[in-house]
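Trainee: For reference, the file structure-v5.txt (compact mmCIF, N, CA and C atoms) is included below:
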```txt
# COMPACT_ATOMS: atom_id res chain seq x y z
N MET H 1 9.20 9.46 3.36
CA MET H 1 7.99 8.71 3.07
C MET H 1 8.35 7.26 2.82
N ILE H 2 7.61 6.37 3.40
CA ILE H 2 7.81 4.93 3.24
C ILE H 2 6.80 4.42 2.21
N LEU H 3 7.25 3.55 1.33
CA LEU H 3 6.34 2.88 0.39
C LEU H 3 6.23 1.43 0.83
N VAL H 4 5.03 1.01 1.17
CA VAL H 4 4.80 -0.36 1.60
C VAL H 4 4.34 -1.16 0.39
N THR H 5 5.19 -2.05 -0.09
CA THR H 5 4.79 -2.92 -1.19
C THR H 5 4.15 -4.17 -0.60
N GLY H 6 3.26 -4.76 -1.35
CA GLY H 6 2.56 -5.93 -0.82
C GLY H 6 1.64 -5.58 0.32
N ALA H 7 1.10 -4.37 0.29
CA ALA H 7 0.33 -3.84 1.41
C ALA H 7 -0.94 -4.61 1.72
N THR H 8 -1.48 -5.35 0.77
CA THR H 8 -2.70 -6.11 1.04
C THR H 8 -2.40 -7.57 1.34
N GLY H 9 -1.15 -7.91 1.42
CA GLY H 9 -0.75 -9.29 1.70
C GLY H 9 -0.76 -9.60 3.18
N THR H 10 -0.35 -10.78 3.51
CA THR H 10 -0.37 -11.25 4.89
C THR H 10 0.44 -10.35 5.82
N ILE H 11 1.66 -10.07 5.48
CA ILE H 11 2.51 -9.24 6.33
C ILE H 11 2.21 -7.76 6.11
N GLY H 12 1.97 -7.39 4.87
CA GLY H 12 1.73 -5.98 4.54
C GLY H 12 0.58 -5.37 5.30
N ARG H 13 -0.50 -6.12 5.47
CA ARG H 13 -1.65 -5.59 6.21
C ARG H 13 -1.29 -5.23 7.64
N TYR H 14 -0.46 -6.06 8.28
CA TYR H 14 -0.04 -5.77 9.65
C TYR H 14 0.90 -4.57 9.69
N LEU H 15 1.75 -4.46 8.70
CA LEU H 15 2.66 -3.32 8.64
C LEU H 15 1.89 -2.02 8.43
N VAL H 16 0.91 -2.03 7.54
CA VAL H 16 0.07 -0.85 7.31
C VAL H 16 -0.61 -0.44 8.61
N ARG H 17 -1.15 -1.40 9.32
CA ARG H 17 -1.84 -1.09 10.59
C ARG H 17 -0.86 -0.50 11.60
N ALA H 18 0.33 -1.09 11.72
CA ALA H 18 1.31 -0.60 12.69
C ALA H 18 1.79 0.80 12.35
N LEU H 19 2.04 1.07 11.08
CA LEU H 19 2.48 2.41 10.67
C LEU H 19 1.38 3.44 10.90
N THR H 20 0.14 3.06 10.64
CA THR H 20 -0.98 3.97 10.88
C THR H 20 -1.09 4.30 12.36
N GLU H 21 -1.02 3.28 13.19
CA GLU H 21 -1.13 3.49 14.64
C GLU H 21 0.03 4.32 15.18
N ALA H 22 1.21 4.20 14.56
CA ALA H 22 2.39 4.95 15.01
C ALA H 22 2.46 6.33 14.37
N ASP H 23 1.46 6.66 13.54
CA ASP H 23 1.39 7.96 12.87
C ASP H 23 2.63 8.23 12.01
N VAL H 24 3.12 7.19 11.35
CA VAL H 24 4.28 7.30 10.45
C VAL H 24 3.76 7.53 9.04
N PRO H 25 4.28 8.54 8.33
CA PRO H 25 3.82 8.77 6.97
C PRO H 25 4.26 7.66 6.02
N PHE H 26 3.31 7.14 5.26
CA PHE H 26 3.62 6.07 4.31
C PHE H 26 2.56 6.06 3.22
N ARG H 27 2.87 5.35 2.17
CA ARG H 27 1.92 5.10 1.09
C ARG H 27 1.95 3.61 0.80
N ALA H 28 0.79 3.04 0.58
CA ALA H 28 0.69 1.61 0.27
C ALA H 28 0.66 1.43 -1.25
N LEU H 29 1.37 0.45 -1.75
CA LEU H 29 1.33 0.10 -3.16
C LEU H 29 0.44 -1.13 -3.30
N VAL H 30 -0.61 -0.99 -4.11
CA VAL H 30 -1.56 -2.08 -4.31
C VAL H 30 -1.78 -2.30 -5.81
N ARG H 31 -2.18 -3.47 -6.17
CA ARG H 31 -2.52 -3.75 -7.57
C ARG H 31 -4.01 -3.56 -7.83
N ASP H 32 -4.81 -3.56 -6.78
CA ASP H 32 -6.26 -3.48 -6.90
C ASP H 32 -6.75 -2.29 -6.08
N ALA H 33 -7.34 -1.28 -6.75
CA ALA H 33 -7.79 -0.07 -6.06
C ALA H 33 -8.83 -0.38 -4.99
N ARG H 34 -9.69 -1.35 -5.23
CA ARG H 34 -10.71 -1.71 -4.24
C ARG H 34 -10.05 -2.17 -2.94
N LYS H 35 -9.01 -2.97 -3.05
CA LYS H 35 -8.30 -3.43 -1.86
C LYS H 35 -7.53 -2.28 -1.21
N GLY H 36 -7.04 -1.36 -2.02
CA GLY H 36 -6.36 -0.18 -1.48
C GLY H 36 -7.29 0.67 -0.64
N ARG H 37 -8.50 0.90 -1.15
CA ARG H 37 -9.49 1.68 -0.38
C ARG H 37 -9.83 1.00 0.94
N ALA H 38 -9.84 -0.31 0.95
CA ALA H 38 -10.16 -1.06 2.18
C ALA H 38 -9.09 -0.88 3.25
N LEU H 39 -7.87 -0.51 2.84
CA LEU H 39 -6.80 -0.30 3.82
C LEU H 39 -7.00 0.98 4.62
N ASP H 40 -7.81 1.90 4.09
CA ASP H 40 -8.09 3.18 4.75
C ASP H 40 -6.80 3.98 5.01
N CYS H 41 -5.97 4.09 3.97
CA CYS H 41 -4.74 4.87 4.05
C CYS H 41 -4.42 5.39 2.65
N GLU H 42 -3.40 6.23 2.54
CA GLU H 42 -2.97 6.70 1.23
C GLU H 42 -2.41 5.51 0.46
N PHE H 43 -2.80 5.39 -0.81
CA PHE H 43 -2.30 4.28 -1.60
C PHE H 43 -2.12 4.68 -3.06
N ALA H 44 -1.31 3.92 -3.74
CA ALA H 44 -1.10 4.08 -5.18
C ALA H 44 -1.31 2.72 -5.82
N VAL H 45 -1.92 2.73 -6.99
CA VAL H 45 -2.13 1.49 -7.73
C VAL H 45 -0.95 1.30 -8.67
N GLY H 46 -0.32 0.15 -8.58
CA GLY H 46 0.82 -0.13 -9.44
C GLY H 46 1.21 -1.59 -9.38
N ASP H 47 2.14 -1.93 -10.25
CA ASP H 47 2.61 -3.31 -10.34
C ASP H 47 4.06 -3.26 -10.81
N PHE H 48 4.93 -4.01 -10.17
CA PHE H 48 6.34 -4.03 -10.55
C PHE H 48 6.54 -4.47 -12.01
N ASP H 49 5.59 -5.23 -12.55
CA ASP H 49 5.68 -5.67 -13.94
C ASP H 49 5.31 -4.56 -14.92
N ASP H 50 4.79 -3.44 -14.42
CA ASP H 50 4.41 -2.29 -15.25
C ASP H 50 5.15 -1.06 -14.74
N PRO H 51 6.36 -0.81 -15.22
CA PRO H 51 7.18 0.30 -14.70
C PRO H 51 6.49 1.66 -14.76
N VAL H 52 5.66 1.90 -15.76
CA VAL H 52 4.96 3.17 -15.87
C VAL H 52 4.02 3.37 -14.69
N SER H 53 3.41 2.31 -14.22
CA SER H 53 2.47 2.43 -13.08
C SER H 53 3.19 2.77 -11.79
N MET H 54 4.47 2.54 -11.73
CA MET H 54 5.23 2.80 -10.52
C MET H 54 5.48 4.30 -10.29
N VAL H 55 5.28 5.11 -11.30
CA VAL H 55 5.52 6.54 -11.18
C VAL H 55 4.63 7.15 -10.10
N SER H 56 3.38 6.72 -10.02
CA SER H 56 2.46 7.28 -9.02
C SER H 56 2.85 6.89 -7.60
N ALA H 57 3.58 5.81 -7.47
CA ALA H 57 3.97 5.36 -6.13
C ALA H 57 5.00 6.30 -5.56
```
Hey, can you dump this file as structure tokens for me?
Mentor:
Amino acid sequence: MILVTGATGTIGRYLVRALTEADVPFRALVRDARKGRALDCEFAVGDFDDPVSMVSA
């Protein structure tokens, strides 16, 4: 499983799209659940500054 950090950023959005199109299993790490839902993929809400939140990733 690949974890895409920065999934809602400039490069991350393109990577999420490419992985989805290639049918590669991955999870996106986002800080904002609303933006995660907009990606239309599996995602976890977390932040590197909050180690406890990284557990779900």
Trainee: Can you tell me which residues surround stretch 30-37 of chain H at a distance of at most 12 Å, considering only C-alpha atoms, apart from same-chain residues fewer than 5 positions away, and format the answer as an mmCIF file with N, CA and C atoms, keeping the file's coordinate frame?
Mentor:
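Result file part01.cif:
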```cif
data_model
loop_
_atom_site.group_PDB
_atom_site.id
_atom_site.type_symbol
_atom_site.label_atom_id
_atom_site.label_comp_id
_atom_site.auth_asym_id
_atom_site.auth_seq_id
_atom_site.Cartn_x
_atom_site.Cartn_y
_atom_site.Cartn_z
ATOM 1 N N LEU H 3 7.250 3.550 1.330
ATOM 2 C CA LEU H 3 6.340 2.880 0.390
ATOM 3 C C LEU H 3 6.230 1.430 0.830
ATOM 4 N N VAL H 4 5.030 1.010 1.170
ATOM 5 C CA VAL H 4 4.800 -0.360 1.600
ATOM 6 C C VAL H 4 4.340 -1.160 0.390
ATOM 7 N N THR H 5 5.190 -2.050 -0.090
ATOM 8 C CA THR H 5 4.790 -2.920 -1.190
ATOM 9 C C THR H 5 4.150 -4.170 -0.600
ATOM 10 N N GLY H 6 3.260 -4.760 -1.350
ATOM 11 C CA GLY H 6 2.560 -5.930 -0.820
ATOM 12 C C GLY H 6 1.640 -5.580 0.320
ATOM 13 N N ALA H 7 1.100 -4.370 0.290
ATOM 14 C CA ALA H 7 0.330 -3.840 1.410
ATOM 15 C C ALA H 7 -0.940 -4.610 1.720
ATOM 16 N N THR H 8 -1.480 -5.350 0.770
ATOM 17 C CA THR H 8 -2.700 -6.110 1.040
ATOM 18 C C THR H 8 -2.400 -7.570 1.340
ATOM 19 N N GLY H 9 -1.150 -7.910 1.420
ATOM 20 C CA GLY H 9 -0.750 -9.290 1.700
ATOM 21 C C GLY H 9 -0.760 -9.600 3.180
ATOM 22 N N GLY H 12 1.970 -7.390 4.870
ATOM 23 C CA GLY H 12 1.730 -5.980 4.540
ATOM 24 C C GLY H 12 0.580 -5.370 5.300
ATOM 25 N N ARG H 13 -0.500 -6.120 5.470
ATOM 26 C CA ARG H 13 -1.650 -5.590 6.210
ATOM 27 C C ARG H 13 -1.290 -5.230 7.640
ATOM 28 N N VAL H 16 0.910 -2.030 7.540
ATOM 29 C CA VAL H 16 0.070 -0.850 7.310
ATOM 30 C C VAL H 16 -0.610 -0.440 8.610
ATOM 31 N N GLU H 42 -3.400 6.230 2.540
ATOM 32 C CA GLU H 42 -2.970 6.700 1.230
ATOM 33 C C GLU H 42 -2.410 5.510 0.460
ATOM 34 N N PHE H 43 -2.800 5.390 -0.810
ATOM 35 C CA PHE H 43 -2.300 4.280 -1.600
ATOM 36 C C PHE H 43 -2.120 4.680 -3.060
ATOM 37 N N ALA H 44 -1.310 3.920 -3.740
ATOM 38 C CA ALA H 44 -1.100 4.080 -5.180
ATOM 39 C C ALA H 44 -1.310 2.720 -5.820
ATOM 40 N N VAL H 45 -1.920 2.730 -6.990
ATOM 41 C CA VAL H 45 -2.130 1.490 -7.730
ATOM 42 C C VAL H 45 -0.950 1.300 -8.670
ATOM 43 N N GLY H 46 -0.320 0.150 -8.580
ATOM 44 C CA GLY H 46 0.820 -0.130 -9.440
ATOM 45 C C GLY H 46 1.210 -1.590 -9.380
ATOM 46 N N ASP H 47 2.140 -1.930 -10.250
ATOM 47 C CA ASP H 47 2.610 -3.310 -10.340
ATOM 48 C C ASP H 47 4.060 -3.260 -10.810
ATOM 49 N N PHE H 48 4.930 -4.010 -10.170
ATOM 50 C CA PHE H 48 6.340 -4.030 -10.550
ATOM 51 C C PHE H 48 6.540 -4.470 -12.010
ATOM 52 N N ASP H 49 5.590 -5.230 -12.550
ATOM 53 C CA ASP H 49 5.680 -5.670 -13.940
ATOM 54 C C ASP H 49 5.310 -4.560 -14.920
ATOM 55 N N ASP H 50 4.790 -3.440 -14.420
ATOM 56 C CA ASP H 50 4.410 -2.290 -15.250
ATOM 57 C C ASP H 50 5.150 -1.060 -14.740
ATOM 58 N N SER H 53 3.410 2.310 -14.220
ATOM 59 C CA SER H 53 2.470 2.430 -13.080
ATOM 60 C C SER H 53 3.190 2.770 -11.790
ATOM 61 N N MET H 54 4.470 2.540 -11.730
ATOM 62 C CA MET H 54 5.230 2.800 -10.520
ATOM 63 C C MET H 54 5.480 4.300 -10.290
ATOM 64 N N SER H 56 3.380 6.720 -10.020
ATOM 65 C CA SER H 56 2.460 7.280 -9.020
ATOM 66 C C SER H 56 2.850 6.890 -7.600
ATOM 67 N N ALA H 57 3.580 5.810 -7.470
ATOM 68 C CA ALA H 57 3.970 5.360 -6.130
ATOM 69 C C ALA H 57 5.000 6.300 -5.560
#
```
Trainee: With 5 Å of padding per side, what axis-aligned box (centre and edge lengths, Å, one decimal) covers all the listed atoms of stretch 16-26 of chain H? Give it as lines of an AutoDock Vina configuration file.
Mentor:
```
center_x = 1.2
center_y = 3.4
center_z = 9.2
size_x = 16.1
size_y = 20.8
size_z = 22.0
```
Trainee: Write down as JSON, numbers by chain the residues of chain H whose backbone DSSP state falls under strand (DSSP E).
Mentor: {"H": [2, 3, 4, 26, 27, 28, 29, 30, 43, 44, 45]}
